[in-house]
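Undergrad: File upload26.txt follows (compact mmCIF, C-alpha atoms and all ligand atoms):
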# COMPACT_ATOMS: atom_id res chain seq x y z
CA MET L 1 -26.04 -13.20 -80.64
CA ARG L 2 -27.95 -11.51 -77.82
CA PHE L 3 -30.33 -8.67 -78.47
CA VAL L 4 -32.51 -6.52 -76.30
CA ASN L 5 -35.55 -6.61 -78.53
CA LEU L 6 -37.27 -3.28 -78.17
CA LEU L 7 -39.65 -1.80 -80.67
CA PRO L 8 -38.47 1.48 -82.17
CA THR L 9 -39.02 4.89 -80.65
CA ALA L 10 -37.68 6.63 -83.76
CA ALA L 11 -39.56 7.24 -87.00
CA TYR L 12 -38.28 8.38 -90.40
CA ILE L 13 -40.76 9.75 -92.95
CA HIS L 14 -39.64 10.09 -96.57
CA ILE L 15 -41.12 12.96 -98.59
CA PRO L 16 -40.07 12.12 -102.17
CA PHE L 17 -40.78 15.35 -104.04
CA CYS L 18 -38.34 17.95 -105.35
CA ARG L 19 -38.68 20.86 -107.70
CA ARG L 20 -35.90 19.56 -109.90
CA ARG L 21 -33.44 16.70 -109.69
CA CYS L 22 -29.95 17.80 -108.65
CA TYR L 23 -27.31 16.47 -111.04
CA TYR L 24 -25.70 14.24 -108.39
CA CYS L 25 -28.87 12.79 -106.86
CA ASP L 26 -30.04 9.19 -107.14
CA PHE L 27 -32.71 9.34 -104.41
CA PRO L 28 -36.21 8.04 -105.09
CA ILE L 29 -37.99 11.34 -105.79
CA SER L 30 -40.59 12.78 -108.16
CA VAL L 31 -39.85 16.10 -109.82
CA VAL L 32 -42.75 18.51 -109.38
CA GLY L 33 -41.52 21.66 -111.14
CA ASP L 34 -39.86 24.90 -110.28
CA ARG L 35 -42.17 27.42 -108.70
CA PRO L 36 -45.18 27.30 -106.41
CA PRO L 37 -48.13 27.17 -106.65
CA ILE L 38 -47.74 23.68 -108.08
CA HIS L 39 -51.40 22.71 -108.17
CA ASP L 40 -50.97 19.32 -109.81
CA SER L 41 -48.11 18.35 -107.58
CA PHE L 42 -50.01 19.44 -104.47
CA GLY L 43 -52.65 16.94 -105.59
CA THR L 44 -49.94 14.34 -105.91
CA ILE L 45 -48.41 15.22 -102.56
CA ALA L 46 -51.85 15.14 -100.88
CA GLU L 47 -52.43 11.65 -102.28
CA TYR L 48 -49.01 10.56 -101.01
CA VAL L 49 -49.76 11.87 -97.51
CA GLU L 50 -52.97 9.79 -97.49
CA ILE L 51 -50.95 6.67 -98.33
CA LEU L 52 -48.47 7.52 -95.58
CA ASP L 53 -51.41 7.70 -93.17
CA GLN L 54 -52.48 4.21 -94.19
CA GLU L 55 -48.97 2.84 -93.81
CA ILE L 56 -48.54 4.36 -90.35
CA ALA L 57 -51.88 2.91 -89.21
CA ALA L 58 -51.09 -0.55 -90.64
CA THR L 59 -47.68 -0.55 -88.88
CA ALA L 60 -49.24 0.33 -85.53
CA ARG L 61 -51.80 -2.49 -85.97
CA TRP L 62 -49.01 -4.92 -86.86
CA LEU L 63 -46.63 -4.11 -84.01
CA SER L 64 -48.87 -2.72 -81.22
CA PRO L 65 -46.22 -0.26 -80.01
CA ALA L 66 -46.18 0.41 -76.28
CA GLN L 67 -43.68 3.26 -76.19
CA PRO L 68 -44.16 6.71 -77.76
CA LEU L 69 -41.76 8.11 -80.34
CA SER L 70 -38.83 10.09 -79.00
CA THR L 71 -37.52 11.17 -82.41
CA VAL L 72 -39.25 11.89 -85.72
CA PHE L 73 -37.31 12.87 -88.86
CA LEU L 74 -38.92 14.11 -92.08
CA GLY L 75 -36.37 13.72 -94.87
CA GLY L 76 -36.43 13.70 -98.61
CA GLY L 77 -36.68 14.81 -101.20
CA THR L 78 -37.80 18.22 -100.08
CA PRO L 79 -40.15 17.98 -97.07
CA SER L 80 -40.57 21.78 -97.16
CA LEU L 81 -42.79 21.29 -100.23
CA LEU L 82 -45.42 19.99 -97.76
CA THR L 83 -48.11 22.46 -96.79
CA VAL L 84 -48.52 23.09 -93.07
CA ALA L 85 -51.81 21.14 -93.16
CA GLN L 86 -50.06 18.12 -94.75
CA LEU L 87 -47.33 18.18 -92.10
CA GLU L 88 -49.96 18.43 -89.36
CA GLN L 89 -51.78 15.46 -90.88
CA ILE L 90 -48.63 13.30 -90.76
CA LEU L 91 -47.66 14.30 -87.21
CA ALA L 92 -51.22 13.88 -85.95
CA GLN L 93 -51.34 10.37 -87.41
CA LEU L 94 -48.01 9.44 -85.79
CA ASP L 95 -49.26 10.78 -82.48
CA ARG L 96 -52.57 8.91 -82.75
CA GLN L 97 -50.97 5.60 -83.70
CA PHE L 98 -47.72 5.63 -81.67
CA GLY L 99 -47.78 8.69 -79.43
CA ILE L 100 -45.07 11.34 -79.65
CA ALA L 101 -43.25 11.76 -76.32
CA THR L 102 -42.98 15.12 -74.60
CA GLY L 103 -39.60 16.60 -75.50
CA ALA L 104 -39.29 14.47 -78.65
CA GLU L 105 -36.87 15.71 -81.30
CA ILE L 106 -38.94 16.43 -84.41
CA SER L 107 -36.63 17.28 -87.33
CA MET L 108 -37.36 18.31 -90.86
CA GLU L 109 -35.14 18.83 -93.87
CA ILE L 110 -35.88 22.11 -95.59
CA ASP L 111 -34.45 23.66 -98.73
CA PRO L 112 -33.80 27.38 -99.32
CA ASP L 113 -36.41 29.11 -101.50
CA THR L 114 -39.13 26.52 -100.83
CA PHE L 115 -40.78 28.20 -97.83
CA ASP L 116 -41.73 31.62 -96.55
CA ARG L 117 -42.06 32.97 -93.02
CA GLN L 118 -45.69 31.91 -92.68
CA ARG L 119 -45.03 28.34 -93.72
CA LEU L 120 -41.99 27.98 -91.48
CA ALA L 121 -43.89 29.44 -88.52
CA GLY L 122 -46.66 26.93 -89.30
CA TYR L 123 -44.17 24.04 -89.26
CA ARG L 124 -42.89 25.20 -85.89
CA ALA L 125 -46.41 25.53 -84.49
CA ALA L 126 -47.14 21.98 -85.77
CA GLY L 127 -44.26 20.65 -83.63
CA ILE L 128 -41.06 20.90 -85.69
CA ASN L 129 -38.25 21.81 -83.27
CA ARG L 130 -35.18 21.13 -85.41
CA VAL L 131 -34.56 21.93 -89.07
CA SER L 132 -31.76 20.91 -91.38
CA LEU L 133 -31.18 23.34 -94.25
CA GLY L 134 -29.73 21.99 -97.50
CA VAL L 135 -27.14 24.70 -98.25
CA GLN L 136 -24.45 22.57 -99.97
CA ALA L 137 -22.25 25.57 -100.98
CA PHE L 138 -22.13 29.34 -100.61
CA GLN L 139 -21.06 29.98 -104.22
CA THR L 140 -24.08 30.51 -106.49
CA GLU L 141 -22.11 29.32 -109.54
CA LEU L 142 -21.20 26.04 -107.81
CA LEU L 143 -24.82 25.54 -106.81
CA ALA L 144 -25.92 26.08 -110.42
CA ALA L 145 -23.29 23.58 -111.61
CA CYS L 146 -24.96 20.97 -109.37
CA GLY L 147 -28.47 21.70 -110.60
CA ARG L 148 -29.54 23.24 -107.29
CA THR L 149 -32.40 25.72 -107.54
CA HIS L 150 -31.22 28.18 -104.88
CA THR L 151 -28.60 30.93 -104.59
CA ARG L 152 -26.41 32.18 -101.75
CA ALA L 153 -28.90 34.98 -101.15
CA ASP L 154 -31.67 32.36 -100.73
CA VAL L 155 -29.57 30.63 -98.05
CA GLU L 156 -29.17 33.86 -96.12
CA THR L 157 -32.89 34.61 -96.38
CA ALA L 158 -33.70 31.07 -95.20
CA VAL L 159 -31.48 31.38 -92.13
CA ASP L 160 -33.02 34.75 -91.37
CA LEU L 161 -36.49 33.19 -91.48
CA ILE L 162 -35.33 30.33 -89.23
CA HIS L 163 -34.27 32.93 -86.64
CA GLN L 164 -37.43 34.99 -87.09
CA VAL L 165 -39.73 32.07 -86.27
CA GLY L 166 -37.63 31.08 -83.25
CA LEU L 167 -36.24 27.75 -84.49
CA THR L 168 -33.05 27.86 -82.43
CA ASN L 169 -31.92 24.31 -83.22
CA PHE L 170 -30.88 24.23 -86.86
CA SER L 171 -28.34 22.41 -88.96
CA LEU L 172 -26.66 23.32 -92.25
CA ASP L 173 -25.64 20.70 -94.86
CA LEU L 174 -22.54 21.30 -96.97
CA ILE L 175 -20.99 19.22 -99.76
CA SER L 176 -17.30 19.08 -100.63
CA GLY L 177 -15.79 17.65 -103.80
CA LEU L 178 -18.17 19.50 -106.17
CA PRO L 179 -17.16 20.12 -109.80
CA HIS L 180 -14.99 23.25 -110.14
CA GLN L 181 -14.83 23.62 -106.33
CA THR L 182 -11.44 24.73 -105.06
CA GLU L 183 -10.08 24.36 -101.54
CA ALA L 184 -10.47 28.15 -101.22
CA ASP L 185 -14.19 27.84 -102.15
CA TRP L 186 -14.59 25.13 -99.55
CA GLN L 187 -12.83 27.19 -96.89
CA ALA L 188 -15.14 30.12 -97.75
CA SER L 189 -18.22 27.87 -97.39
CA LEU L 190 -17.03 26.62 -94.01
CA ASP L 191 -16.40 30.20 -92.85
CA ALA L 192 -19.82 31.33 -94.06
CA ALA L 193 -21.54 28.37 -92.36
CA VAL L 194 -19.79 29.06 -89.05
CA GLY L 195 -20.74 32.73 -89.43
CA LEU L 196 -24.44 31.77 -89.44
CA ALA L 197 -23.97 30.06 -86.05
CA PRO L 198 -26.04 26.88 -86.53
CA THR L 199 -26.17 24.33 -83.72
CA HIS L 200 -25.10 21.57 -86.12
CA ILE L 201 -23.23 21.24 -89.42
CA SER L 202 -23.11 18.19 -91.71
CA VAL L 203 -20.35 17.94 -94.31
CA TYR L 204 -20.59 15.33 -97.03
CA ASP L 205 -18.06 14.41 -99.66
CA LEU L 206 -19.69 14.15 -103.10
CA THR L 207 -20.12 10.62 -104.39
CA VAL L 208 -20.72 10.19 -108.10
CA GLU L 209 -23.64 7.75 -108.07
CA ALA L 210 -24.39 5.47 -111.00
CA GLY L 211 -27.16 6.69 -113.27
CA THR L 212 -26.92 10.37 -112.29
CA ALA L 213 -26.09 13.25 -114.65
CA PHE L 214 -22.72 13.61 -112.94
CA ASP L 215 -22.04 9.97 -113.67
CA ARG L 216 -22.54 10.69 -117.39
CA TRP L 217 -20.46 13.86 -117.35
CA TYR L 218 -17.64 13.29 -114.91
CA GLN L 219 -15.20 10.76 -113.59
CA ALA L 220 -14.36 10.69 -109.87
CA GLY L 221 -11.01 12.34 -109.10
CA VAL L 222 -10.69 13.83 -112.62
CA ALA L 223 -11.17 17.59 -113.34
CA PRO L 224 -13.47 19.41 -113.05
CA LEU L 225 -14.01 17.19 -109.97
CA PRO L 226 -11.30 17.74 -107.37
CA SER L 227 -8.51 15.18 -107.21
CA GLU L 228 -8.60 12.52 -104.49
CA SER L 229 -5.93 14.35 -102.50
CA SER L 230 -7.77 17.67 -102.76
CA SER L 231 -11.00 15.99 -101.56
CA ALA L 232 -9.09 14.53 -98.61
CA GLN L 233 -7.65 17.96 -97.86
CA MET L 234 -11.18 19.42 -97.85
CA TYR L 235 -12.15 16.86 -95.22
CA ARG L 236 -9.19 17.93 -93.07
CA LEU L 237 -10.02 21.62 -93.57
CA ALA L 238 -13.58 21.01 -92.34
CA GLN L 239 -12.34 19.14 -89.28
CA GLN L 240 -9.93 21.94 -88.43
CA ARG L 241 -12.26 24.89 -89.09
CA LEU L 242 -15.28 23.42 -87.32
CA THR L 243 -13.56 21.97 -84.27
CA GLU L 244 -11.70 25.25 -83.67
CA SER L 245 -15.14 26.93 -83.73
CA CYS L 246 -16.37 24.70 -80.89
CA TYR L 247 -18.26 22.15 -82.99
CA GLN L 248 -17.65 18.61 -81.75
CA HIS L 249 -16.80 16.19 -84.55
CA TYR L 250 -19.09 13.45 -83.26
CA GLU L 251 -19.57 11.41 -86.43
CA VAL L 252 -17.64 11.01 -89.72
CA SER L 253 -19.75 13.69 -91.47
CA ASN L 254 -21.35 15.51 -88.55
CA TYR L 255 -20.41 18.29 -86.15
CA ALA L 256 -22.49 19.72 -83.31
CA ARG L 257 -22.35 22.27 -80.57
CA PRO L 258 -22.44 20.50 -77.16
CA GLY L 259 -25.93 19.12 -76.53
CA TYR L 260 -27.02 19.38 -80.20
CA GLN L 261 -26.07 16.04 -81.75
CA CYS L 262 -28.89 14.71 -83.91
CA ARG L 263 -30.73 12.30 -81.62
CA HIS L 264 -32.55 10.63 -84.49
CA ASN L 265 -29.43 9.82 -86.49
CA ARG L 266 -27.73 8.47 -83.37
CA VAL L 267 -30.38 5.74 -83.38
CA TYR L 268 -29.07 4.53 -86.77
CA TRP L 269 -25.43 4.71 -85.76
CA HIS L 270 -26.15 2.71 -82.61
CA ASN L 271 -27.85 0.12 -84.81
CA GLN L 272 -31.06 0.48 -82.84
CA PRO L 273 -34.49 -0.20 -84.34
CA TYR L 274 -36.45 2.46 -86.21
CA TYR L 275 -39.62 2.78 -88.23
CA GLY L 276 -39.38 4.00 -91.80
CA PHE L 277 -42.40 5.26 -93.70
CA GLY L 278 -42.74 6.27 -97.32
CA LEU L 279 -41.34 5.57 -100.74
CA GLY L 280 -38.01 3.73 -100.68
CA ALA L 281 -37.72 4.08 -96.88
CA ALA L 282 -35.95 1.42 -94.83
CA SER L 283 -37.14 0.02 -91.48
CA TYR L 284 -35.43 -1.98 -88.79
CA VAL L 285 -38.02 -3.59 -86.54
CA ASN L 286 -38.16 -6.95 -84.76
CA GLN L 287 -34.58 -7.57 -85.94
CA GLN L 288 -35.89 -7.42 -89.53
CA ARG L 289 -34.59 -4.92 -92.05
CA PHE L 290 -36.68 -4.15 -95.08
CA THR L 291 -36.93 -1.44 -97.72
CA ARG L 292 -40.01 -0.23 -99.54
CA PRO L 293 -40.29 -0.01 -103.36
CA ARG L 294 -38.65 3.05 -104.95
CA LYS L 295 -41.39 3.67 -107.56
CA ARG L 296 -44.51 5.49 -106.42
CA ARG L 297 -47.06 3.09 -107.98
CA ASP L 298 -45.24 0.02 -106.59
CA TYR L 299 -45.04 1.62 -103.17
CA TYR L 300 -48.79 2.37 -103.15
CA LEU L 301 -49.52 -1.29 -104.05
CA TRP L 302 -47.10 -2.42 -101.33
CA VAL L 303 -48.97 -0.33 -98.71
CA GLN L 304 -52.29 -1.72 -99.95
CA GLU L 305 -51.09 -5.28 -99.56
CA PHE L 306 -49.54 -4.56 -96.16
CA ALA L 307 -52.80 -2.99 -94.95
CA GLN L 308 -54.73 -6.07 -96.12
CA THR L 309 -52.43 -8.78 -94.81
CA GLY L 310 -51.47 -6.86 -91.66
CA GLN L 311 -47.86 -7.98 -91.68
CA ILE L 312 -44.56 -7.88 -93.50
CA ASP L 313 -42.69 -11.08 -94.13
CA CYS L 314 -38.95 -10.77 -94.26
CA PRO L 315 -36.11 -12.74 -92.71
CA VAL L 316 -34.53 -11.86 -89.37
CA THR L 317 -31.10 -10.28 -89.91
CA PRO L 318 -28.50 -13.06 -89.53
CA SER L 319 -25.88 -12.70 -86.79
CA GLU L 320 -22.91 -12.07 -89.18
CA GLU L 321 -24.83 -9.34 -90.93
CA ALA L 322 -25.86 -7.75 -87.63
CA LEU L 323 -22.21 -7.69 -86.54
CA LEU L 324 -21.11 -5.99 -89.78
CA ASP L 325 -23.96 -3.47 -89.50
CA THR L 326 -22.94 -2.69 -85.92
CA LEU L 327 -19.30 -2.14 -86.96
CA MET L 328 -20.10 -0.14 -90.07
CA LEU L 329 -22.46 2.18 -88.20
CA GLY L 330 -20.83 2.37 -84.76
CA LEU L 331 -17.34 3.09 -86.05
CA ARG L 332 -18.70 6.21 -87.75
CA LEU L 333 -19.09 7.73 -84.28
CA ALA L 334 -16.20 9.51 -82.55
CA GLU L 335 -17.10 7.64 -79.36
CA GLY L 336 -16.55 4.37 -81.27
CA LEU L 337 -17.73 0.99 -80.01
CA ASP L 338 -17.69 -0.60 -76.58
CA LEU L 339 -15.86 -3.90 -77.02
CA ARG L 340 -17.47 -5.35 -73.88
CA VAL L 341 -20.92 -4.79 -75.35
CA LEU L 342 -19.78 -6.28 -78.67
CA ALA L 343 -18.44 -9.34 -76.84
CA THR L 344 -21.79 -9.80 -75.07
CA GLN L 345 -23.72 -9.54 -78.33
CA PHE L 346 -21.44 -11.39 -80.73
CA GLY L 347 -18.90 -13.30 -78.60
CA GLU L 348 -15.25 -12.87 -77.56
CA ARG L 349 -14.03 -14.57 -80.73
CA ALA L 350 -15.61 -11.94 -82.98
CA VAL L 351 -13.97 -9.18 -80.92
CA ALA L 352 -10.55 -10.84 -81.17
CA GLN L 353 -10.99 -11.12 -84.96
CA ILE L 354 -11.86 -7.42 -85.22
CA GLN L 355 -8.84 -6.40 -83.16
CA SER L 356 -6.47 -8.52 -85.20
CA CYS L 357 -7.92 -7.23 -88.49
CA LEU L 358 -7.48 -3.59 -87.40
CA ASN L 359 -4.02 -4.09 -85.92
CA PRO L 360 -2.06 -2.88 -88.99
CA TYR L 361 -4.12 0.33 -88.99
CA ARG L 362 -3.47 0.94 -85.30
CA GLN L 363 0.20 1.22 -86.21
CA LYS L 364 -0.66 3.93 -88.78
CA GLY L 365 -2.52 5.84 -86.06
CA TRP L 366 -5.94 5.34 -87.71
CA VAL L 367 -7.38 3.19 -84.91
CA GLN L 368 -7.37 3.82 -81.18
CA GLU L 369 -8.29 1.46 -78.37
CA GLU L 370 -8.65 2.57 -74.78
CA PRO L 371 -8.02 -0.32 -72.39
CA ALA L 372 -9.64 1.54 -69.47
CA THR L 373 -13.00 1.98 -71.23
CA ALA L 374 -12.67 -0.87 -73.75
CA ARG L 375 -13.64 1.52 -76.52
CA LEU L 376 -12.47 1.03 -80.09
CA ARG L 377 -12.57 4.03 -82.39
CA PHE L 378 -11.21 5.51 -85.59
CA SER L 379 -8.95 8.54 -85.11
CA ASP L 380 -9.98 12.02 -86.24
CA PRO L 381 -9.39 13.07 -88.99
CA GLU L 382 -7.11 10.39 -90.52
CA GLY L 383 -9.00 7.33 -89.27
CA PHE L 384 -12.34 8.79 -90.35
CA LEU L 385 -10.87 9.74 -93.70
CA PHE L 386 -9.75 6.17 -94.37
CA SER L 387 -12.67 4.47 -92.64
CA ASN L 388 -13.81 2.86 -95.91
CA VAL L 389 -10.45 1.11 -96.32
CA MET L 390 -10.68 -0.35 -92.81
CA LEU L 391 -14.36 -1.25 -93.07
CA SER L 392 -13.86 -3.09 -96.34
CA GLU L 393 -11.02 -5.07 -94.75
CA LEU L 394 -13.31 -5.94 -91.82
CA PHE L 395 -16.02 -7.02 -94.28
CA LYS L 396 -13.55 -9.21 -96.17
CA GLN L 397 -12.35 -10.96 -93.05
CA LEU L 398 -15.62 -11.26 -91.14
CA ALA L 399 -18.22 -11.86 -93.85
S1 LIG W 401 -32.98 18.40 -103.22
FE1 LIG W 401 -31.97 16.59 -102.33
S2 LIG W 401 -33.37 14.90 -102.74
FE2 LIG W 401 -34.00 16.60 -104.07
S3 LIG W 401 -32.98 16.21 -106.01
FE3 LIG W 401 -31.64 17.57 -104.82
S4 LIG W 401 -30.26 16.19 -103.69
FE4 LIG W 401 -31.97 14.95 -104.46
Written as C-alpha cells, that's how I'd like the structure from this file.
Ligand code: SF4
TA:
Amino acid sequence: MRFVNLLPTAAYIHIPFCRRRCYYCDFPISVVGDRPPIHDSFGTIAEYVEILDQEIAATARWLSPAQPLSTVFLGGGTPSLLTVAQLEQILAQLDRQFGIATGAEISMEIDPDTFDRQRLAGYRAAGINRVSLGVQAFQTELLAACGRTHTRADVETAVDLIHQVGLTNFSLDLISGLPHQTEADWQASLDAAVGLAPTHISVYDLTVEAGTAFDRWYQAGVAPLPSESSSAQMYRLAQQRLTESCYQHYEVSNYARPGYQCRHNRVYWHNQPYYGFGLGAASYVNQQRFTRPRKRRDYYLWVQEFAQTGQIDCPVTPSEEALLDTLMLGLRLAEGLDLRVLATQFGERAVAQIQSCLNPYRQKGWVQEEPATARLRFSDPEGFLFSNVMLSELFKQLA
C-alpha cells in the first residue's frame, strides 16, 4: 500500500450539548435543558471549551503541523449553544496552534430557535462562513413526533436571520422515513427547502439506532414508520426534485449548487486525514484512526493523559482496512473512484477483485465504469439507493 503521508488540513470540533435529546439520536451529547439562559450549562460548556483548548494545544505539540487548516467544521450536538466568546476562543486556539488559511471553509451546525440575530452576526464576525441548519422536516407535528424542539415557523425565522447577517453559504438538513411521514409530506418538505434557496441540501434516511427512544417504540419498515418501499421512493423523490432545481447530487445524501459542495466533508469521502477534537470525535492522522471516549468525564481524563504523555498510541490502519475505508467512503461520491489511483495504492489484484465482485450489479445498472477515465461509480439514484447491498458484498469478499 502506498500513501502520501500528509498531516491533516481539516479539523472537526464536536460540541456535545443539546437542549433535549431527539427520540432518534444516539450521539454522545449532554442535555442542558430547554430555554436560555442556561446558567449551569453555560458553566459546563465553558469548562468543555477549556478542555478543547488543551486538546488542540497537545495535538499541535504532538504533530508539529506545518500547513494551516483549510477547513474547520463545528458539529454536534448543537454548536449554536456556544456563546460568541466561546466560539472565538475555539477558533483563536486553532489559529494559534495550526493556523487557519485565508479562504478556509469554516462551517457550523446550527439549530432553529437556539440563536438570535446578534449571536449569528457574532458567529459570522468570528469567522463562520458556512452554516448548516438542522431543519429535518417542515411539518411541526412531525418535528414534535421526533422530539425536536423547533417548529416550522422557527425554521423560517432562522433562514431569515441567516440572510440578514449575510451568511450566503448555507445548507439545510432534512430527514426522510420519519414516523407518520407520508410521501406527500416529504415532497412538501423538499419543495419548502428548495423555496428557501440554500446553496446545499442534505437528505438523510432515518435509521433506528439501538438504545434510542425510537428503538423502544418502533420497528424499521413497520407503521408508523414508512415501509421500505416508501422510504426508497422518498429517496427517488429527493433526487428528482433537487436535481431538477439545479442541485448537483454529488454524494449519496448531499446536493449542492455548483461550487458549493462541502469541502470539509469531501476530505472524509476522499479518505484523507483529518483532526477530530472533542467528546467522541474521531481522528485520522499519521495513518492512525482513533476515537475519543463518549462520556464527558472519561474524555476529560483522556485529554489530561494525552497532554501529559504528549502522544497517542494506536496501531496504523492495516492495508485491507484502508482499502475497505477507501471503497466505503469514495463510492458515496457521484464522481466515484479512480481505479488507476486505487491500483497504485492497493495493487492491480485488489482492483480486479473489486470489479469482479461488482460485476453482477453492473448488469442491474447499479454500477458504472468509464474506460476512458477509469472511474468506477454507483449510478444515481438506483446504485446509491442499494449502495449498502454492494458495499456489504465487497466487505464479504475483500475482508
Ligand atoms: S439536535 Fe442533533 S445531536 Fe442533538 S439530540 Fe437532536 S439529533 Fe441529537
Undergrad: Excluding same-chain residues fewer than 4 positions from range 76-88 of chain L, what lies within 9 Å of it counting all atoms listed in the file, as a VMD selection string?
TA: chain L and resid 13 to 19 27 to 30 36 42 45 to 46 49 92 to 93 108 to 111 114 to 115 119 to 120 122 to 123 126 to 127
Undergrad: Applying 9 Å and only C-alpha atoms, which residues near Tyr260 in chain L remain after dropping the ones on its own chain fewer than 2 positions away? List them as an NGL selection string.
TA: :L and (169 or 199-200 or 255-258 or 262-263)
Undergrad: Using only C-alpha atoms, please write the residues we just selected to a file, as a tab-separated table (two decimals), keeping the file's coordinate frame.
TA:
chain	number	residue	atom	x	y	z
L	169	ASN	CA	-31.92	24.31	-83.22
L	199	THR	CA	-26.17	24.33	-83.72
L	200	HIS	CA	-25.10	21.57	-86.12
L	255	TYR	CA	-20.41	18.29	-86.15
L	256	ALA	CA	-22.49	19.72	-83.31
L	257	ARG	CA	-22.35	22.27	-80.57
L	258	PRO	CA	-22.44	20.50	-77.16
L	262	CYS	CA	-28.89	14.71	-83.91
L	263	ARG	CA	-30.73	12.30	-81.62
Undergrad: Considering only C-alpha atoms and all ligand atoms, state which residue in the set L:Val341, L:Ile100, L:Ile175, L:Val285 is at the smallest distance from ligand LIG 401 (chain W).
TA: L:Ile175
Undergrad: From the options L:Leu342, L:Leu337, L:Val131, L:Val208, which residue's atoms come nearest to Leu161 in chain L, counting all atoms listed in the file?
TA: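 Smallest distance to Leu161 in chain L is found for L:Val131.
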Undergrad: Could you name the residues that touch Pro198 in chain L at 7 Å or less, counting only C-alpha atoms, but leaving out those on the same chain fewer than 5 positions away, as an MDAnalysis selection string?
TA: chainID L and resid 170:172
Undergrad: So that I have them on file, write out the residues from the current selection with C-alpha atoms, as a PDB file, in the frame of the given file.
TA:
ATOM      1  CA  PHE L 170     -30.880  24.230 -86.860  1.00  0.00           C
ATOM      2  CA  SER L 171     -28.340  22.410 -88.960  1.00  0.00           C
ATOM      3  CA  LEU L 172     -26.660  23.320 -92.250  1.00  0.00           C
TER       4      LEU L 172
END
Undergrad: Hey, could you make a per-residue contact list for range 190-235 of chain L against range 137-158 of chain L with 9 Å as the cut-off, showing the nearest pair of atoms and its distance in Å to one decimal, counting only C-alpha atoms, sorted by chain and number, as JSON lines?
TA:
{"residue": "L:Leu190", "atom": "CA", "partner": "L:Ala137", "partner_atom": "CA", "distance": 8.8}
{"residue": "L:Ala192", "atom": "CA", "partner": "L:Phe138", "partner_atom": "CA", "distance": 7.2}
{"residue": "L:Ala193", "atom": "CA", "partner": "L:Phe138", "partner_atom": "CA", "distance": 8.3}
{"residue": "L:Leu196", "atom": "CA", "partner": "L:Glu156", "partner_atom": "CA", "distance": 8.4}
{"residue": "L:Phe214", "atom": "CA", "partner": "L:Cys146", "partner_atom": "CA", "distance": 8.5}
Undergrad: Would you kindly return, as number ranges by chain, each protein, DNA or RNA residue with an atom no farther than 9 Å from any atom of Ser283 in chain L, considering only C-alpha atoms and excluding same-chain residues fewer than 4 positions away?
TA: L: 11-12, 273-277, 288-292
Undergrad: Point out the residue among L:Thr9, L:Ser64, L:Thr102, L:Gln136 with the least atom-to-atom distance to ligand LIG 401 (chain W), counting all atoms listed in the file.
TA: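 Of the candidates, the smallest distance to ligand LIG 401 (chain W) is held by L:Gln136.
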Undergrad: Return the single residue from L:Ser319, L:Gln248, L:Gln363, L:Thr212 that is closest to ligand LIG 401 (chain W), with distances computed using all atoms listed in the file.
TA: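 Among the listed residues, L:Thr212 lies closest to ligand LIG 401 (chain W).
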Undergrad: Out of L:Val252, L:Ala223, L:Leu133, L:Ala343, which residue has the shortest atom-to-atom distance to Arg236 in chain L when counting only C-alpha atoms?
TA: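 For Arg236 in chain L, the nearest of the given residues is L:Val252.
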Undergrad: May I have the residues within 10 Å of Ser245 in chain L as a list in words, using all atoms listed in the file and disregarding those fewer than 4 positions away in the same chain?
TA: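 Here the qualifying residues turn out to be Asp191, Val194, Gly195, Ala197, Gln239, Gln240, Arg241 and Arg257 of chain L.
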Undergrad: I'd like to know which of L:Ala104, L:Ala210, L:Ile90, L:Cys22 is closest to Glu55 in chain L, using all atoms listed in the file.
TA: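 Using all atoms listed in the file, Glu55 in chain L sits closest to L:Ile90.
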Undergrad: Provide an axis-aligned box for all listed atoms of range 173-192 of chain L, padding each side by 3 Å; report its centre and its edge lengths in Å to one decimal, as AutoDock Vina command-line options.
TA:
--center_x -17.9 --center_y 24.5 --center_z -101.5 --size_x 21.6 --size_y 19.7 --size_z 23.3
Undergrad: To one decimal place, how far is CA of Leu69 in chain L from CA of Ala282 in chain L in Å?
TA: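 CA of Ala282 in chain L lies at a distance of 17.0 Å from CA of Leu69 in chain L.
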Undergrad: Go ahead and compute the interatomic distance for CA of Leu329 in chain L and atom S2 of ligand LIG 401 (chain W), in Å to one decimal.
TA: 22.2 Å
Undergrad: What is the distance, in Å and to one decimal place, between CA of Asn271 in chain L and CA of Glu348 in chain L?
TA: 19.5 Å
